[in-house]
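Participant: My structure is stored as data_38.cif, with mmCIF, C-alpha atoms.
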data_work
loop_
_atom_site.group_PDB
_atom_site.id
_atom_site.type_symbol
_atom_site.label_atom_id
_atom_site.label_comp_id
_atom_site.auth_asym_id
_atom_site.auth_seq_id
_atom_site.Cartn_x
_atom_site.Cartn_y
_atom_site.Cartn_z
ATOM 1 C CA MET A 1 144.463 94.403 10.570
ATOM 2 C CA GLN A 2 143.283 92.421 13.543
ATOM 3 C CA VAL A 3 141.466 94.358 16.199
ATOM 4 C CA SER A 4 142.432 93.293 19.697
ATOM 5 C CA GLU A 5 140.043 92.909 22.607
ATOM 6 C CA ASN A 6 141.600 96.029 24.146
ATOM 7 C CA HIS A 7 140.646 98.056 21.053
ATOM 8 C CA ARG A 8 137.106 96.684 21.120
ATOM 9 C CA ARG A 9 136.643 97.659 24.764
ATOM 10 C CA TYR A 10 138.101 101.112 24.070
ATOM 11 C CA TRP A 11 135.786 101.674 21.110
ATOM 12 C CA SER A 12 132.770 100.346 23.018
ATOM 13 C CA LYS A 13 133.375 102.744 25.916
ATOM 14 C CA ASN A 14 133.970 105.606 23.474
ATOM 15 C CA LEU A 15 130.680 104.956 21.663
ATOM 16 C CA ARG A 16 128.774 104.598 24.931
ATOM 17 C CA ILE A 17 129.949 107.935 26.369
ATOM 18 C CA THR A 18 129.416 109.662 23.017
ATOM 19 C CA GLY A 19 125.845 108.347 22.850
ATOM 20 C CA ILE A 20 125.065 109.423 26.412
ATOM 21 C CA LEU A 21 126.477 112.920 25.915
ATOM 22 C CA LEU A 22 124.661 113.311 22.584
ATOM 23 C CA ALA A 23 121.412 112.319 24.298
ATOM 24 C CA ILE A 24 122.004 114.998 26.955
ATOM 25 C CA TRP A 25 122.785 117.528 24.221
ATOM 26 C CA PHE A 26 119.579 116.582 22.366
ATOM 27 C CA VAL A 27 117.426 116.952 25.471
ATOM 28 C CA VAL A 28 118.925 120.325 26.387
ATOM 29 C CA THR A 29 118.742 121.666 22.826
ATOM 30 C CA PHE A 30 115.474 120.355 21.473
ATOM 31 C CA VAL A 31 113.295 118.929 24.246
ATOM 32 C CA VAL A 32 113.734 121.815 26.674
ATOM 33 C CA GLY A 33 113.426 124.294 23.801
ATOM 34 C CA TYR A 34 110.252 122.657 22.524
ATOM 35 C CA TRP A 35 108.586 122.596 25.939
ATOM 36 C CA ALA A 36 109.979 125.954 27.061
ATOM 37 C CA ARG A 37 106.618 127.728 27.209
ATOM 38 C CA ASP A 38 105.252 125.028 29.496
ATOM 39 C CA LEU A 39 108.186 125.491 31.891
ATOM 40 C CA ASP A 40 106.560 128.469 33.538
ATOM 41 C CA PHE A 41 108.394 128.943 36.830
ATOM 42 C CA THR A 42 111.092 131.346 37.981
ATOM 43 C CA PHE A 43 114.728 130.314 38.307
ATOM 44 C CA PHE A 44 117.119 132.814 39.908
ATOM 45 C CA GLY A 45 114.520 135.517 39.362
ATOM 46 C CA TRP A 46 114.016 134.830 35.637
ATOM 47 C CA PRO A 47 111.536 132.636 33.778
ATOM 48 C CA PHE A 48 113.123 129.189 33.455
ATOM 49 C CA SER A 49 112.549 129.014 29.695
ATOM 50 C CA PHE A 50 114.403 132.303 29.178
ATOM 51 C CA TRP A 51 117.238 131.249 31.477
ATOM 52 C CA MET A 52 117.626 127.845 29.831
ATOM 53 C CA GLY A 53 117.687 129.312 26.345
ATOM 54 C CA GLY A 54 119.990 132.180 27.178
ATOM 55 C CA GLN A 55 122.399 130.753 29.723
ATOM 56 C CA GLY A 56 121.637 127.232 30.856
ATOM 57 C CA ALA A 57 122.115 125.512 27.514
ATOM 58 C CA LEU A 58 125.511 127.152 27.019
ATOM 59 C CA ILE A 59 126.636 126.056 30.462
ATOM 60 C CA VAL A 60 125.519 122.487 29.751
ATOM 61 C CA TYR A 61 127.416 122.477 26.423
ATOM 62 C CA VAL A 62 130.639 123.599 28.116
ATOM 63 C CA VAL A 63 130.213 120.944 30.828
ATOM 64 C CA ILE A 64 129.646 118.272 28.143
ATOM 65 C CA ILE A 65 132.851 119.273 26.335
ATOM 66 C CA TRP A 66 134.850 119.387 29.575
ATOM 67 C CA TYR A 67 133.566 116.004 30.717
ATOM 68 C CA TYR A 68 134.193 114.333 27.339
ATOM 69 C CA ALA A 69 137.793 115.593 27.200
ATOM 70 C CA ARG A 70 138.452 114.464 30.779
ATOM 71 C CA TYR A 71 136.830 111.068 30.236
ATOM 72 C CA MET A 72 138.686 110.411 26.984
ATOM 73 C CA ASN A 73 142.054 111.363 28.513
ATOM 74 C CA ARG A 74 141.485 108.821 31.272
ATOM 75 C CA LEU A 75 140.266 106.214 28.786
ATOM 76 C CA ASP A 76 143.339 106.773 26.581
ATOM 77 C CA GLN A 77 145.633 106.245 29.569
ATOM 78 C CA GLU A 78 143.705 103.170 30.682
ATOM 79 C CA HIS A 79 144.075 101.534 27.268
ATOM 80 C CA GLY A 80 147.623 102.671 26.563
ATOM 81 C CA VAL A 81 146.903 105.006 23.644
ATOM 82 C CA ALA A 82 147.488 108.341 25.409
ATOM 83 C CA GLU A 83 149.555 110.993 23.697
ATOM 84 C CA GLU A 84 152.738 111.680 25.594
ATOM 85 C CA GLU A 85 153.525 115.289 26.388
#
Could I get this structure in the form of C-alpha cells?
Facilitator:
Amino acid sequence: MQVSENHRRYWSKNLRITGILLAIWFVVTFVVGYWARDLDFTFFGWPFSFWMGGQGALIVYVVIIWYYARYMNRLDQEHGVAEEE
C-alpha cells in the first residue's frame, strides 16, 4: 500500500502532538512529584506540593485528554478521515 503525502502529514502531526502531550504528562507526573518538597509555597491556601499531587495533576490530565480529542477531531476533518455522525 502506498502512503500518500496527505497520510504522511497526518501521521507527522499526530506524532508531534502526542509527543508534546506526553512530555507535559511526564513533567506533571514525575518532575513535579520528584521536586515537590522543594516547591514550598502556598497556592490557594495549601502547600503547592500537596495541591499539585492531590488536585492539580488530575486537572492537567483531564485538560490533556480534552485537548487531544479536540485536536484530533480537527485534524481528522482537515485530512478527510473524520468519522461521519
Participant: I'd like the contact shell of range 29-43 of chain A - 10 Å cut-off, only C-alpha atoms, skipping same-chain residues fewer than 2 positions apart - returned as a PyMOL selection string.
Facilitator: chain A and resi 23-27+45-53+57-58+60-61
Participant: For range 28-82 of chain A versus range 8-19 of chain A, which residues have an atom no more than 12 Å away, and what is each residue's nearest atom pair and distance in Å rounded to one decimal, using all atoms listed in the file, chain-then-number order, as a tab-separated table?
Facilitator:
residue	atom	partner	partner_atom	distance
A:Ile64	CA	A:Thr18	CA	10.0
A:Ile65	CA	A:Thr18	CA	10.7
A:Tyr67	CA	A:Ile17	CA	9.9
A:Tyr68	CA	A:Ile17	CA	7.7
A:Ala69	CA	A:Ile17	CA	11.0
A:Arg70	CA	A:Ile17	CA	11.6
A:Tyr71	CA	A:Ile17	CA	8.5
A:Met72	CA	A:Asn14	CA	7.6
A:Asn73	CA	A:Asn14	CA	11.1
A:Arg74	CA	A:Tyr10	CA	11.1
A:Leu75	CA	A:Tyr10	CA	7.3
A:Asp76	CA	A:Tyr10	CA	8.1
A:Gln77	CA	A:Tyr10	CA	10.6
A:Glu78	CA	A:Tyr10	CA	8.9
A:His79	CA	A:Tyr10	CA	6.8
A:Gly80	CA	A:Tyr10	CA	10.0
A:Val81	CA	A:Tyr10	CA	9.6
A:Ala82	CA	A:Tyr10	CA	11.9
Participant: Report, in Å with one decimal, the straight-line distance from CA of Val63 in chain A to CA of Asn6 in chain A.
Facilitator: 28.2 Å
Participant: Measuring atom to atom with all atoms listed in the file, identify which of A:Ile20, A:Val28, A:Glu83, A:Glu5 is nearest to Ile59 in chain A.
Facilitator: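 The closest residue to Ile59 in chain A is A:Val28.
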Participant: Could you put an axis-aligned box around every listed atom of range 38-55 of chain A, padded by 3 Å on each side, and send me its centre and edge lengths in Å to one decimal, as lines of an AutoDock Vina configuration file?
Facilitator:
center_x = 113.8
center_y = 130.3
center_z = 33.1
size_x = 23.1
size_y = 16.5
size_z = 19.6
Participant: Quick one: chain A with C-alpha atoms, as a tab-separated table (two decimals), in the first residue's frame?
Facilitator:
chain	number	residue	atom	x	y	z
A	1	MET	CA	0.00	0.00	0.00
A	2	GLN	CA	1.34	3.37	-1.00
A	3	VAL	CA	1.18	6.05	1.63
A	4	SER	CA	0.17	9.41	0.22
A	5	GLU	CA	1.66	12.75	1.22
A	6	ASN	CA	-1.63	13.55	2.98
A	7	HIS	CA	-1.23	10.46	5.19
A	8	ARG	CA	2.38	11.37	5.98
A	9	ARG	CA	1.40	14.88	7.07
A	10	TYR	CA	-1.47	13.49	9.15
A	11	TRP	CA	0.79	10.97	10.88
A	12	SER	CA	3.52	13.56	11.43
A	13	LYS	CA	1.09	15.96	13.11
A	14	ASN	CA	-0.36	13.11	15.17
A	15	LEU	CA	3.08	12.05	16.43
A	16	ARG	CA	4.08	15.63	17.18
A	17	ILE	CA	1.01	16.39	19.34
A	18	THR	CA	1.29	13.00	21.06
A	19	GLY	CA	4.94	13.68	21.92
A	20	ILE	CA	4.19	17.16	23.26
A	21	LEU	CA	1.29	15.96	25.41
A	22	LEU	CA	3.32	13.01	26.72
A	23	ALA	CA	6.11	15.42	27.67
A	24	ILE	CA	3.59	17.55	29.60
A	25	TRP	CA	2.23	14.42	31.28
A	26	PHE	CA	5.77	13.33	32.24
A	27	VAL	CA	6.62	16.72	33.74
A	28	VAL	CA	3.39	16.89	35.74
A	29	THR	CA	3.64	13.29	36.95
A	30	PHE	CA	7.31	12.76	37.64
A	31	VAL	CA	9.21	16.05	37.65
A	32	VAL	CA	6.76	17.96	39.83
A	33	GLY	CA	6.34	14.90	42.07
A	34	TYR	CA	10.09	14.47	42.43
A	35	TRP	CA	10.71	18.11	43.31
A	36	ALA	CA	7.52	18.51	45.36
A	37	ARG	CA	9.28	19.06	48.68
A	38	ASP	CA	11.32	21.90	47.18
A	39	LEU	CA	8.13	23.61	45.97
A	40	ASP	CA	7.49	25.14	49.36
A	41	PHE	CA	5.00	27.94	48.76
A	42	THR	CA	1.26	28.25	49.30
A	43	PHE	CA	-1.23	28.01	46.44
A	44	PHE	CA	-4.88	28.80	47.23
A	45	GLY	CA	-4.07	28.41	50.91
A	46	TRP	CA	-2.45	24.97	50.60
A	47	PRO	CA	1.16	23.91	50.12
A	48	PHE	CA	1.78	23.73	46.36
A	49	SER	CA	3.20	20.20	46.52
A	50	PHE	CA	0.05	18.93	48.25
A	51	TRP	CA	-2.22	20.77	45.82
A	52	MET	CA	-0.35	19.53	42.76
A	53	GLY	CA	-0.38	15.93	43.94
A	54	GLY	CA	-3.98	15.94	45.08
A	55	GLN	CA	-5.76	18.15	42.57
A	56	GLY	CA	-3.52	19.85	40.05
A	57	ALA	CA	-2.23	16.73	38.34
A	58	LEU	CA	-5.76	15.39	37.84
A	59	ILE	CA	-6.88	18.67	36.32
A	60	VAL	CA	-3.90	18.65	33.95
A	61	TYR	CA	-4.68	15.05	32.89
A	62	VAL	CA	-8.30	15.95	32.07
A	63	VAL	CA	-7.15	19.01	30.09
A	64	ILE	CA	-4.65	16.85	28.15
A	65	ILE	CA	-7.39	14.35	27.23
A	66	TRP	CA	-9.81	17.12	26.24
A	67	TYR	CA	-7.22	18.90	24.12
A	68	TYR	CA	-6.07	15.71	22.36
A	69	ALA	CA	-9.65	14.74	21.44
A	70	ARG	CA	-10.40	18.24	20.15
A	71	TYR	CA	-7.14	18.45	18.20
A	72	MET	CA	-7.57	15.02	16.62
A	73	ASN	CA	-11.16	15.75	15.58
A	74	ARG	CA	-9.97	18.87	13.77
A	75	LEU	CA	-7.03	17.02	12.25
A	76	ASP	CA	-9.33	14.22	11.02
A	77	GLN	CA	-11.59	16.76	9.34
A	78	GLU	CA	-8.64	18.60	7.83
A	79	HIS	CA	-7.29	15.42	6.24
A	80	GLY	CA	-10.63	13.92	5.25
A	81	VAL	CA	-10.62	10.91	7.58
A	82	ALA	CA	-13.27	12.09	10.06
A	83	GLU	CA	-15.98	9.70	11.14
A	84	GLU	CA	-19.37	10.86	9.97
A	85	GLU	CA	-22.12	11.02	12.56
